[in-house]
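Student: Here you go, this is structure17.pdb (PDB, C-alpha atoms and all ligand atoms).
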ATOM      1  CA  MET Z   1     -53.269 -13.021 130.076
ATOM      2  CA  ARG Z   2     -52.029 -14.181 126.682
ATOM      3  CA  ASP Z   3     -52.626 -17.794 125.624
ATOM      4  CA  SER Z   4     -48.875 -18.385 125.467
ATOM      5  CA  GLU Z   5     -48.398 -17.031 129.027
ATOM      6  CA  PHE Z   6     -51.183 -19.224 130.409
ATOM      7  CA  GLU Z   7     -49.704 -22.274 128.619
ATOM      8  CA  PHE Z   8     -46.258 -21.526 130.019
ATOM      9  CA  ILE Z   9     -47.543 -21.096 133.586
ATOM     10  CA  ARG Z  10     -49.693 -24.224 133.254
ATOM     11  CA  SER Z  11     -46.784 -26.344 132.091
ATOM     12  CA  ILE Z  12     -44.314 -25.073 134.676
ATOM     13  CA  VAL Z  13     -46.817 -25.576 137.523
ATOM     14  CA  TYR Z  14     -47.513 -29.119 136.282
ATOM     15  CA  LYS Z  15     -43.824 -29.919 135.983
ATOM     16  CA  ARG Z  16     -43.073 -28.604 139.467
ATOM     17  CA  SER Z  17     -46.087 -29.825 141.466
ATOM     18  CA  ARG Z  18     -48.197 -31.983 139.107
ATOM     19  CA  ILE Z  19     -51.096 -29.619 139.843
ATOM     20  CA  SER Z  20     -53.217 -29.714 136.696
ATOM     21  CA  LEU Z  21     -54.673 -26.346 135.655
ATOM     22  CA  GLY Z  22     -57.523 -26.737 133.180
ATOM     23  CA  PRO Z  23     -58.742 -23.867 130.951
ATOM     24  CA  ASP Z  24     -61.431 -23.166 133.591
ATOM     25  CA  LYS Z  25     -58.661 -22.086 135.998
ATOM     26  CA  ARG Z  26     -57.475 -19.245 133.775
ATOM     27  CA  GLU Z  27     -59.122 -16.490 135.805
ATOM     28  CA  LEU Z  28     -57.964 -17.930 139.091
ATOM     29  CA  VAL Z  29     -54.391 -18.150 137.760
ATOM     30  CA  SER Z  30     -54.582 -14.591 136.513
ATOM     31  CA  ALA Z  31     -55.781 -13.309 139.918
ATOM     32  CA  ARG Z  32     -53.102 -15.217 141.812
ATOM     33  CA  LEU Z  33     -50.337 -14.103 139.451
ATOM     34  CA  GLY Z  34     -51.438 -10.518 140.091
ATOM     35  CA  LYS Z  35     -50.201 -10.982 143.663
ATOM     36  CA  ARG Z  36     -46.836 -12.278 142.431
ATOM     37  CA  LEU Z  37     -46.475  -9.298 140.077
ATOM     38  CA  ARG Z  38     -47.039  -6.928 142.984
ATOM     39  CA  ALA Z  39     -44.616  -8.868 145.209
ATOM     40  CA  THR Z  40     -41.860  -8.979 142.567
ATOM     41  CA  LYS Z  41     -42.640  -5.409 141.389
ATOM     42  CA  LEU Z  42     -42.594  -6.602 137.778
ATOM     43  CA  PRO Z  43     -44.662  -4.545 135.322
ATOM     44  CA  SER Z  44     -46.148  -7.342 133.210
ATOM     45  CA  LEU Z  45     -46.837 -11.047 133.013
ATOM     46  CA  GLY Z  46     -44.357 -11.270 130.137
ATOM     47  CA  ASP Z  47     -41.625 -10.014 132.506
ATOM     48  CA  TYR Z  48     -42.783 -12.468 135.161
ATOM     49  CA  CYS Z  49     -42.562 -15.410 132.702
ATOM     50  CA  ARG Z  50     -39.045 -14.253 131.747
ATOM     51  CA  LEU Z  51     -38.088 -14.263 135.446
ATOM     52  CA  LEU Z  52     -39.363 -17.852 135.753
ATOM     53  CA  LYS Z  53     -37.197 -18.886 132.783
ATOM     54  CA  SER Z  54     -34.059 -17.258 134.183
ATOM     55  CA  PRO Z  55     -31.310 -19.181 136.027
ATOM     56  CA  ASP Z  56     -32.224 -17.524 139.381
ATOM     57  CA  ALA Z  57     -35.861 -18.608 139.236
ATOM     58  CA  GLU Z  58     -35.716 -21.254 141.984
ATOM     59  CA  GLU Z  59     -37.132 -19.147 144.824
ATOM     60  CA  GLU Z  60     -39.840 -17.584 142.662
ATOM     61  CA  LEU Z  61     -40.883 -21.013 141.374
ATOM     62  CA  GLY Z  62     -41.622 -21.968 144.988
ATOM     63  CA  ASN Z  63     -43.612 -18.743 145.433
ATOM     64  CA  LEU Z  64     -45.530 -19.469 142.229
ATOM     65  CA  ILE Z  65     -46.587 -22.951 143.419
ATOM     66  CA  ASP Z  66     -47.531 -21.401 146.754
ATOM     67  CA  ALA Z  67     -49.660 -18.770 145.047
ATOM     68  CA  ILE Z  68     -51.401 -21.305 142.805
ATOM     69  CA  SER Z  69     -52.086 -24.050 145.328
ATOM     70  CA  THR Z  70     -54.829 -23.855 147.908
ATOM     71  CA  ASN Z  71     -53.879 -24.293 151.545
ATOM     72  CA  HIS Z  72     -57.420 -24.215 152.907
ATOM     73  CA  THR Z  73     -57.738 -26.520 155.917
ATOM     74  CA  PHE Z  74     -59.181 -26.576 159.427
ATOM     75  CA  PHE Z  75     -59.038 -28.572 162.653
ATOM     76  CA  PHE Z  76     -60.875 -31.916 162.592
ATOM     77  CA  ARG Z  77     -61.925 -31.400 158.960
ATOM     78  CA  GLU Z  78     -64.101 -34.357 157.915
ATOM     79  CA  SER Z  79     -64.361 -35.365 161.553
ATOM     80  CA  VAL Z  80     -65.538 -38.943 160.879
ATOM     81  CA  HIS Z  81     -61.942 -39.723 159.884
ATOM     82  CA  PHE Z  82     -60.702 -38.874 163.358
ATOM     83  CA  ASP Z  83     -63.501 -40.946 164.939
ATOM     84  CA  PHE Z  84     -62.485 -43.881 162.722
ATOM     85  CA  LEU Z  85     -58.835 -43.419 163.660
ATOM     86  CA  ARG Z  86     -59.692 -43.470 167.382
ATOM     87  CA  ASP Z  87     -62.360 -46.196 167.358
ATOM     88  CA  LYS Z  88     -61.090 -48.603 164.709
ATOM     89  CA  VAL Z  89     -57.501 -48.007 163.614
ATOM     90  CA  VAL Z  90     -55.922 -47.440 167.032
ATOM     91  CA  PRO Z  91     -57.484 -50.510 168.756
ATOM     92  CA  GLU Z  92     -56.775 -52.725 165.732
ATOM     93  CA  MET Z  93     -53.165 -51.609 165.393
ATOM     94  CA  SER Z  94     -52.574 -51.724 169.158
ATOM     95  CA  GLU Z  95     -53.511 -55.420 169.090
ATOM     96  CA  ARG Z  96     -51.063 -56.074 166.280
ATOM     97  CA  ALA Z  97     -48.269 -53.912 167.695
ATOM     98  CA  ARG Z  98     -46.759 -56.452 170.073
ATOM     99  CA  ALA Z  99     -46.946 -59.446 167.730
ATOM    100  CA  GLU Z 100     -45.462 -57.450 164.865
ATOM    101  CA  ARG Z 101     -42.883 -55.719 167.106
ATOM    102  CA  TRP Z 102     -43.793 -52.226 166.044
ATOM    103  CA  ARG Z 103     -41.722 -49.556 167.709
ATOM    104  CA  ARG Z 104     -44.544 -47.028 167.645
ATOM    105  CA  PHE Z 105     -47.845 -46.044 166.093
ATOM    106  CA  TYR Z 106     -46.803 -44.061 163.037
ATOM    107  CA  VAL Z 107     -49.018 -41.765 160.920
ATOM    108  CA  TRP Z 108     -48.253 -39.592 157.879
ATOM    109  CA  SER Z 109     -50.137 -36.392 157.059
ATOM    110  CA  ALA Z 110     -49.061 -36.197 153.421
ATOM    111  CA  ALA Z 111     -50.272 -32.714 152.421
ATOM    112  CA  CYS Z 112     -50.423 -31.123 155.827
ATOM    113  CA  SER Z 113     -50.832 -27.441 154.890
ATOM    114  CA  SER Z 114     -50.650 -25.169 157.967
ATOM    115  CA  GLY Z 115     -50.751 -28.032 160.485
ATOM    116  CA  GLU Z 116     -54.410 -28.292 161.453
ATOM    117  CA  GLU Z 117     -54.611 -31.859 160.073
ATOM    118  CA  PRO Z 118     -51.503 -33.334 161.779
ATOM    119  CA  TYR Z 119     -52.322 -31.591 165.079
ATOM    120  CA  SER Z 120     -55.883 -32.980 164.886
ATOM    121  CA  ILE Z 121     -54.365 -36.449 164.407
ATOM    122  CA  ALA Z 122     -51.987 -35.740 167.298
ATOM    123  CA  MET Z 123     -54.840 -34.696 169.629
ATOM    124  CA  THR Z 124     -56.715 -37.870 168.664
ATOM    125  CA  LEU Z 125     -53.698 -40.090 169.371
ATOM    126  CA  ALA Z 126     -52.859 -38.276 172.614
ATOM    127  CA  GLY Z 127     -56.352 -39.195 173.837
ATOM    128  CA  ALA Z 128     -56.402 -42.725 172.445
ATOM    129  CA  LEU Z 129     -52.815 -43.793 173.198
ATOM    130  CA  PRO Z 130     -51.830 -42.037 176.436
ATOM    131  CA  GLN Z 131     -49.235 -44.695 177.381
ATOM    132  CA  SER Z 132     -47.852 -45.830 174.019
ATOM    133  CA  PRO Z 133     -45.263 -44.285 171.697
ATOM    134  CA  TRP Z 134     -46.578 -42.640 168.555
ATOM    135  CA  HIS Z 135     -45.327 -40.115 166.036
ATOM    136  CA  ILE Z 136     -46.596 -38.151 163.052
ATOM    137  CA  GLU Z 137     -44.718 -37.182 159.870
ATOM    138  CA  ALA Z 138     -46.228 -34.132 158.191
ATOM    139  CA  THR Z 139     -45.164 -33.038 154.702
ATOM    140  CA  ASP Z 140     -46.104 -30.395 152.170
ATOM    141  CA  ILE Z 141     -44.703 -28.902 148.979
ATOM    142  CA  SER Z 142     -44.958 -25.339 150.321
ATOM    143  CA  ARG Z 143     -42.047 -24.212 152.521
ATOM    144  CA  ARG Z 144     -43.985 -21.102 153.553
ATOM    145  CA  ILE Z 145     -46.937 -23.098 154.874
ATOM    146  CA  LEU Z 146     -44.602 -25.560 156.642
ATOM    147  CA  THR Z 147     -43.050 -22.699 158.613
ATOM    148  CA  LYS Z 148     -46.519 -21.678 159.729
ATOM    149  CA  ALA Z 149     -47.358 -25.285 160.649
ATOM    150  CA  ALA Z 150     -44.201 -25.692 162.734
ATOM    151  CA  ASP Z 151     -44.855 -22.362 164.510
ATOM    152  CA  ALA Z 152     -48.244 -23.847 165.487
ATOM    153  CA  ILE Z 153     -49.843 -20.482 166.300
ATOM    154  CA  TYR Z 154     -53.532 -20.157 165.490
ATOM    155  CA  ASP Z 155     -56.094 -17.373 165.758
ATOM    156  CA  GLU Z 156     -58.863 -17.789 168.291
ATOM    157  CA  ASP Z 157     -61.583 -17.948 165.618
ATOM    158  CA  THR Z 158     -59.951 -20.949 163.856
ATOM    159  CA  LEU Z 159     -60.187 -22.820 167.185
ATOM    160  CA  ALA Z 160     -63.752 -21.819 168.019
ATOM    161  CA  LYS Z 161     -65.207 -25.281 167.357
ATOM    162  CA  LEU Z 162     -62.637 -27.213 169.389
ATOM    163  CA  ALA Z 163     -63.863 -28.882 172.587
ATOM    164  CA  PRO Z 164     -62.855 -26.891 175.707
ATOM    165  CA  THR Z 165     -60.953 -29.926 177.096
ATOM    166  CA  LEU Z 166     -58.803 -30.097 173.952
ATOM    167  CA  MET Z 167     -58.142 -26.359 174.203
ATOM    168  CA  ARG Z 168     -57.090 -26.646 177.861
ATOM    169  CA  THR Z 169     -54.933 -29.721 177.321
ATOM    170  CA  HIS Z 170     -53.150 -28.847 174.096
ATOM    171  CA  PHE Z 171     -53.118 -25.053 173.618
ATOM    172  CA  GLN Z 172     -51.329 -22.214 175.332
ATOM    173  CA  ARG Z 173     -53.046 -18.839 175.336
ATOM    174  CA  GLY Z 174     -51.128 -15.808 174.089
ATOM    175  CA  PHE Z 175     -50.857 -12.635 176.148
ATOM    176  CA  GLY Z 176     -49.978  -9.032 175.346
ATOM    177  CA  PRO Z 177     -49.166  -8.723 171.627
ATOM    178  CA  GLN Z 178     -50.209 -12.387 171.195
ATOM    179  CA  GLU Z 179     -53.677 -11.788 172.652
ATOM    180  CA  GLY Z 180     -56.298 -13.669 170.608
ATOM    181  CA  GLN Z 181     -53.780 -16.305 169.491
ATOM    182  CA  TYR Z 182     -53.063 -19.775 170.804
ATOM    183  CA  ARG Z 183     -50.015 -21.996 170.390
ATOM    184  CA  VAL Z 184     -50.012 -25.781 170.355
ATOM    185  CA  LYS Z 185     -48.170 -26.896 173.501
ATOM    186  CA  SER Z 186     -44.676 -28.309 173.073
ATOM    187  CA  ALA Z 187     -45.713 -31.796 174.288
ATOM    188  CA  LEU Z 188     -47.877 -32.121 171.175
ATOM    189  CA  ARG Z 189     -45.566 -30.213 168.824
ATOM    190  CA  GLU Z 190     -42.743 -32.643 169.637
ATOM    191  CA  ARG Z 191     -44.854 -35.504 168.323
ATOM    192  CA  VAL Z 192     -45.045 -34.025 164.812
ATOM    193  CA  THR Z 193     -42.109 -33.662 162.383
ATOM    194  CA  PHE Z 194     -42.664 -31.253 159.490
ATOM    195  CA  ARG Z 195     -40.674 -31.809 156.296
ATOM    196  CA  HIS Z 196     -40.699 -30.421 152.794
ATOM    197  CA  LEU Z 197     -41.819 -32.966 150.201
ATOM    198  CA  ASN Z 198     -43.256 -32.971 146.705
ATOM    199  CA  LEU Z 199     -45.425 -36.094 146.834
ATOM    200  CA  LEU Z 200     -44.694 -36.900 143.198
ATOM    201  CA  GLU Z 201     -40.942 -36.413 143.186
ATOM    202  CA  GLY Z 202     -38.225 -38.650 144.582
ATOM    203  CA  GLU Z 203     -38.706 -40.777 147.656
ATOM    204  CA  PRO Z 204     -40.105 -39.546 150.989
ATOM    205  CA  PRO Z 205     -37.394 -39.028 153.626
ATOM    206  CA  PHE Z 206     -38.522 -41.876 155.905
ATOM    207  CA  THR Z 207     -38.076 -45.628 155.709
ATOM    208  CA  GLU Z 208     -40.611 -47.063 158.177
ATOM    209  CA  THR Z 209     -44.081 -47.915 156.932
ATOM    210  CA  PHE Z 210     -47.189 -46.292 158.394
ATOM    211  CA  GLN Z 211     -50.290 -47.667 160.106
ATOM    212  CA  ALA Z 212     -52.288 -44.792 158.616
ATOM    213  CA  ILE Z 213     -51.762 -42.124 155.960
ATOM    214  CA  PHE Z 214     -53.892 -39.002 155.552
ATOM    215  CA  CYS Z 215     -53.681 -37.590 152.027
ATOM    216  CA  ARG Z 216     -56.744 -35.400 151.852
ATOM    217  CA  ASN Z 217     -57.909 -32.608 149.592
ATOM    218  CA  VAL Z 218     -54.834 -32.535 147.402
ATOM    219  CA  MET Z 219     -55.617 -35.255 144.848
ATOM    220  CA  ILE Z 220     -58.435 -33.116 143.413
ATOM    221  CA  TYR Z 221     -55.737 -30.867 141.932
ATOM    222  CA  PHE Z 222     -54.069 -33.731 140.032
ATOM    223  CA  ASP Z 223     -55.012 -35.415 136.756
ATOM    224  CA  ARG Z 224     -55.943 -39.088 136.704
ATOM    225  CA  PRO Z 225     -52.501 -40.564 135.851
ATOM    226  CA  THR Z 226     -50.970 -38.467 138.642
ATOM    227  CA  GLN Z 227     -53.641 -39.609 141.114
ATOM    228  CA  GLU Z 228     -52.908 -43.212 140.165
ATOM    229  CA  GLU Z 229     -49.182 -42.738 140.616
ATOM    230  CA  LEU Z 230     -49.713 -41.016 143.967
ATOM    231  CA  VAL Z 231     -52.038 -43.687 145.376
ATOM    232  CA  GLY Z 232     -49.492 -46.351 144.336
ATOM    233  CA  ARG Z 233     -46.706 -44.434 146.068
ATOM    234  CA  LEU Z 234     -48.770 -44.016 149.250
ATOM    235  CA  ALA Z 235     -49.906 -47.653 149.303
ATOM    236  CA  ARG Z 236     -46.260 -48.799 149.248
ATOM    237  CA  ARG Z 237     -45.736 -46.800 152.441
ATOM    238  CA  LEU Z 238     -48.550 -48.531 154.369
ATOM    239  CA  VAL Z 239     -48.187 -51.661 156.511
ATOM    240  CA  PRO Z 240     -50.430 -54.490 155.219
ATOM    241  CA  GLY Z 241     -53.839 -53.728 156.710
ATOM    242  CA  GLY Z 242     -52.884 -50.033 157.037
ATOM    243  CA  TYR Z 243     -55.390 -47.293 156.202
ATOM    244  CA  LEU Z 244     -55.398 -44.479 153.645
ATOM    245  CA  PHE Z 245     -57.690 -41.503 154.263
ATOM    246  CA  VAL Z 246     -58.528 -39.283 151.281
ATOM    247  CA  GLY Z 247     -60.818 -36.247 151.044
ATOM    248  CA  HIS Z 248     -64.550 -36.941 150.753
ATOM    249  CA  SER Z 249     -64.614 -35.408 147.264
ATOM    250  CA  GLU Z 250     -61.725 -37.640 146.130
ATOM    251  CA  SER Z 251     -63.190 -41.066 145.444
ATOM    252  CA  LEU Z 252     -60.581 -43.499 144.147
ATOM    253  CA  SER Z 253     -63.122 -45.387 142.006
ATOM    254  CA  PRO Z 254     -62.082 -43.839 138.652
ATOM    255  CA  ILE Z 255     -58.461 -44.922 139.117
ATOM    256  CA  ARG Z 256     -56.633 -48.253 139.262
ATOM    257  CA  HIS Z 257     -55.365 -49.259 142.707
ATOM    258  CA  ASP Z 258     -55.055 -52.310 144.964
ATOM    259  CA  LEU Z 259     -56.738 -50.896 148.049
ATOM    260  CA  ARG Z 260     -60.032 -52.025 149.549
ATOM    261  CA  MET Z 261     -62.684 -49.405 150.214
ATOM    262  CA  ILE Z 262     -63.836 -49.622 153.847
ATOM    263  CA  LYS Z 263     -66.032 -46.533 153.959
ATOM    264  CA  PRO Z 264     -66.309 -43.489 151.712
ATOM    265  CA  ALA Z 265     -62.841 -41.885 151.646
ATOM    266  CA  ILE Z 266     -61.260 -44.640 153.797
ATOM    267  CA  TYR Z 267     -59.226 -47.409 152.124
ATOM    268  CA  GLN Z 268     -57.239 -50.349 153.481
ATOM    269  CA  LYS Z 269     -54.149 -52.028 152.062
ATOM    270  CA  PRO Z 270     -54.951 -55.728 151.727
ATOM    271  CA  PHE Z 271     -53.015 -58.213 153.885
ATOM    272  CA  GLY Z 272     -50.519 -60.184 151.858
ATOM    273  CA  SER Z 273     -49.798 -57.328 149.466
TER     274      SER Z 273
HETATM  275  C1  LIG G   1     -56.178 -27.915 150.426
HETATM  276  S1  LIG G   1     -54.719 -28.286 151.295
HETATM  277  C2  LIG G   1     -55.224 -29.745 152.193
HETATM  278  C3  LIG G   1     -54.774 -29.733 153.644
HETATM  279  C4  LIG G   1     -55.262 -30.904 154.495
HETATM  280  N1  LIG G   1     -54.775 -32.162 153.988
HETATM  281  C5  LIG G   1     -56.766 -30.916 154.568
HETATM  282  O1  LIG G   1     -57.405 -31.820 154.030
HETATM  283  O2  LIG G   1     -57.337 -30.011 155.202
HETATM  284  C6  LIG G   1     -53.699 -28.956 149.975
HETATM  285  C7  LIG G   1     -52.198 -28.948 150.306
HETATM  286  O3  LIG G   1     -51.525 -29.752 149.339
HETATM  287  C8  LIG G   1     -50.246 -29.180 149.103
HETATM  288  N2  LIG G   1     -49.729 -29.710 147.823
HETATM  289  C9  LIG G   1     -50.118 -29.398 146.558
HETATM  290  N3  LIG G   1     -49.393 -30.089 145.657
HETATM  291  C10 LIG G   1     -48.532 -30.871 146.363
HETATM  292  C11 LIG G   1     -47.522 -31.809 146.009
HETATM  293  N4  LIG G   1     -47.260 -32.095 144.729
HETATM  294  N5  LIG G   1     -46.818 -32.399 146.994
HETATM  295  C12 LIG G   1     -47.081 -32.112 148.295
HETATM  296  N6  LIG G   1     -48.016 -31.244 148.717
HETATM  297  C13 LIG G   1     -48.741 -30.624 147.749
HETATM  298  C14 LIG G   1     -50.529 -27.685 149.113
HETATM  299  O4  LIG G   1     -49.353 -26.940 149.362
HETATM  300  C15 LIG G   1     -51.569 -27.567 150.228
HETATM  301  O5  LIG G   1     -50.986 -27.229 151.466
END
Let's see the structure in the file written out as structure tokens.
Ligand SMILES: C[S@@+](CC[C@H](N)C(=O)[O-])C[C@H]1O[C@@H](n2cnc3c(N)ncnc32)[C@H](O)[C@@H]1O

Tutor:
Amino acid sequence: MRDSEFEFIRSIVYKRSRISLGPDKRELVSARLGKRLRATKLPSLGDYCRLLKSPDAEEELGNLIDAISTNHTFFFRESVHFDFLRDKVVPEMSERARAERWRRFYVWSAACSSGEEPYSIAMTLAGALPQSPWHIEATDISRRILTKAADAIYDEDTLAKLAPTLMRTHFQRGFGPQEGQYRVKSALRERVTFRHLNLLEGEPPFTETFQAIFCRNVMIYFDRPTQEELVGRLARRLVPGGYLFVGHSESLSPIRHDLRMIKPAIYQKPFGS
């Protein structure tokens, strides 16, 4: 890949998603663009860059961000977060709910990928709040991955570590051509709304504030000013005393923010802010 092509791809990816591609990512970018060249049947990277500059580039720009970003995720990833949600956040917020006249327990999975994170939150809340209303907003920049998340169909091996009771309660087994696949049951699917959202662009399409926000394993792809901007945006969407969960490799200590660290990768919005 020529220097000028890498620079162009780097700048367009940053502009579109705020994903920051350092020089160390050159090989990764080159490998992932190889897939786009095959998909678009273009002979060279120069042609591909010309396509991205053309007026009909919109769809391919989405495919480019998809190809560059990593969607890796799994059910109950960083499981201590779900324990904390069940044992600390739910009881605390349930106590406040009546006094503060909350309509429902409301959680946002802010970079939800293929749905494993919001459905893990949903399974946790289904167990912890069997009688109370709750809902989850789940957003991602990738339209392709959101379609997969809303379909909610998972291969058997991605569910291997789930407790048998969770499997029985929340998953439907596929038969015939769907053998080896499981679908999240509609009762749980209805509790999660998937929407397209670039976390750094415009305002999220919801007005209520959240008791908890999960924004995990996406900040690592952003530079420091972008991380700061994102944490500020997320904090504004929390109720006072609400919790922000980030990935365990995403400490907020190098950036400026007003949140209080409760445990590694768990932060709380101070009361009175
Ligand atoms: C590695 S996955 C993390 C999934 C899940 N949160 C977890 O921890 O397992 C990162 C996700 O962030 C999404 N993403 C990247 N940049 C984004 C942006 N600017 N706005 C919203 N989502 C973004 C990607 O599409 C991808 O699905």

Student: From the options Z:Val231, Z:Val239, Z:Ile141, Z:Ala57, which residue's atoms come nearest to ligand LIG 1 (chain G), counting all atoms listed in the file?

Tutor: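 Going through Z:Val231, Z:Val239, Z:Ile141, Z:Ala57 one by one, the smallest distance to ligand LIG 1 (chain G) is for Z:Ile141.
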
Student: With 5 Å added on each side, what axis-aligned box encloses every listed atom of ligand LIG 1 (chain G)? Give the centre and edge lengths in Å to one decimal, as lines of an AutoDock Vina configuration file.

Tutor:
center_x = -52.1
center_y = -29.7
center_z = 150.0
size_x = 20.6
size_y = 15.5
size_z = 20.5

Student: Specify as number ranges by chain each residue included when the PyMOL selection byres (((chain Z and resi 119-133) around 9) and not hetatm) is applied to this file.

Tutor: Z: 75-77, 82-83, 85-87, 90-91, 94, 103-107, 109, 115-118, 134-136, 152, 166, 170, 184, 188-189, 191-192

Student: Could I get the residues of chain Z with an atom no further than 6 Å from an atom of ligand LIG 1 (chain G), each paired with its nearest atom pair and that distance in Å to one decimal, using all atoms listed in the file, sorted by chain and residue number, as a tab-separated table?

Tutor:
residue	atom	partner	partner_atom	distance
Z:Ser17	CA	G:LIG1	N4	4.1
Z:Arg18	CA	G:LIG1	N4	5.7
Z:Ser69	CA	G:LIG1	C14	5.5
Z:Thr70	CA	G:LIG1	C1	5.0
Z:Asn71	CA	G:LIG1	S1	4.1
Z:His72	CA	G:LIG1	C1	4.6
Z:Thr73	CA	G:LIG1	O2	3.6
Z:Phe74	CA	G:LIG1	O2	5.7
Z:Ala111	CA	G:LIG1	O3	4.5
Z:Cys112	CA	G:LIG1	N1	4.8
Z:Ser113	CA	G:LIG1	O5	3.4
Z:Glu117	CA	G:LIG1	C4	5.7
Z:Asp140	CA	G:LIG1	N6	4.0
Z:Ile141	CA	G:LIG1	C12	4.1
Z:Ser142	CA	G:LIG1	O4	4.8
Z:Leu197	CA	G:LIG1	C12	5.7
Z:Asn198	CA	G:LIG1	N5	3.6
Z:Leu199	CA	G:LIG1	N5	4.0
Z:Leu200	CA	G:LIG1	N4	5.7
Z:Cys215	CA	G:LIG1	N1	5.9
Z:Arg216	CA	G:LIG1	O1	4.2
Z:Asn217	CA	G:LIG1	O1	4.5
Z:Val218	CA	G:LIG1	C6	4.6

Student: Would you export the selected residues with C-alpha atoms as a PDB file, in the coordinates of the input, please?

Tutor:
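Heads up, here's the output in selection_11.pdb:
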ATOM      1  CA  SER Z  17     -46.087 -29.825 141.466  1.00  0.00           C
ATOM      2  CA  ARG Z  18     -48.197 -31.983 139.107  1.00  0.00           C
ATOM      3  CA  SER Z  69     -52.086 -24.050 145.328  1.00  0.00           C
ATOM      4  CA  THR Z  70     -54.829 -23.855 147.908  1.00  0.00           C
ATOM      5  CA  ASN Z  71     -53.879 -24.293 151.545  1.00  0.00           C
ATOM      6  CA  HIS Z  72     -57.420 -24.215 152.907  1.00  0.00           C
ATOM      7  CA  THR Z  73     -57.738 -26.520 155.917  1.00  0.00           C
ATOM      8  CA  PHE Z  74     -59.181 -26.576 159.427  1.00  0.00           C
ATOM      9  CA  ALA Z 111     -50.272 -32.714 152.421  1.00  0.00           C
ATOM     10  CA  CYS Z 112     -50.423 -31.123 155.827  1.00  0.00           C
ATOM     11  CA  SER Z 113     -50.832 -27.441 154.890  1.00  0.00           C
ATOM     12  CA  GLU Z 117     -54.611 -31.859 160.073  1.00  0.00           C
ATOM     13  CA  ASP Z 140     -46.104 -30.395 152.170  1.00  0.00           C
ATOM     14  CA  ILE Z 141     -44.703 -28.902 148.979  1.00  0.00           C
ATOM     15  CA  SER Z 142     -44.958 -25.339 150.321  1.00  0.00           C
ATOM     16  CA  LEU Z 197     -41.819 -32.966 150.201  1.00  0.00           C
ATOM     17  CA  ASN Z 198     -43.256 -32.971 146.705  1.00  0.00           C
ATOM     18  CA  LEU Z 199     -45.425 -36.094 146.834  1.00  0.00           C
ATOM     19  CA  LEU Z 200     -44.694 -36.900 143.198  1.00  0.00           C
ATOM     20  CA  CYS Z 215     -53.681 -37.590 152.027  1.00  0.00           C
ATOM     21  CA  ARG Z 216     -56.744 -35.400 151.852  1.00  0.00           C
ATOM     22  CA  ASN Z 217     -57.909 -32.608 149.592  1.00  0.00           C
ATOM     23  CA  VAL Z 218     -54.834 -32.535 147.402  1.00  0.00           C
TER      24      VAL Z 218
END

Student: Given all atoms listed in the file as the basis, pick out the residue of Z:Glu58, Z:Glu137, Z:Asp151, Z:Glu95 nearest to Ile213 (chain Z).

Tutor: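 Of Z:Glu58, Z:Glu137, Z:Asp151, Z:Glu95, the one nearest Ile213 (chain Z), counting all atoms listed in the file, is Z:Glu137.
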
Student: Please indicate the distance in Å from CA of Pro240 (chain Z) to CA of Asp258 (chain Z), rounded to one decimal place.

Tutor: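 Result for CA of Pro240 (chain Z) versus CA of Asp258 (chain Z): 11.5 Å, one decimal.
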
Student: Selected by the PyMOL selection byres (((chain Z and resi 32) around 12) and not hetatm) in the shown coordinates: which residues, as a PyMOL selection string?

Tutor: chain Z and resi 1+9+25-31+33-39+45+63-70

Student: May I ask which of the residues Z:Gln211, Z:Ser11, Z:Arg16, Z:Glu156 is the closest one to Val89 (chain Z), counting only C-alpha atoms?

Tutor: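 Looking only at the distances to Val89 (chain Z), the closest residue turns out to be Z:Gln211.
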
Student: Using all atoms listed in the file, which of Z:Ala99, Z:Ser114, Z:Met261, Z:Glu5 sits nearest Asp47 (chain Z)?

Tutor: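 Under the stated criterion, the closest residue is Z:Glu5.
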
Student: What gap, in Å, lies between CA of Glu208 (chain Z) and CA of Gly242 (chain Z)?

Tutor: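 That distance, rounded to one decimal, is 12.7 Å.
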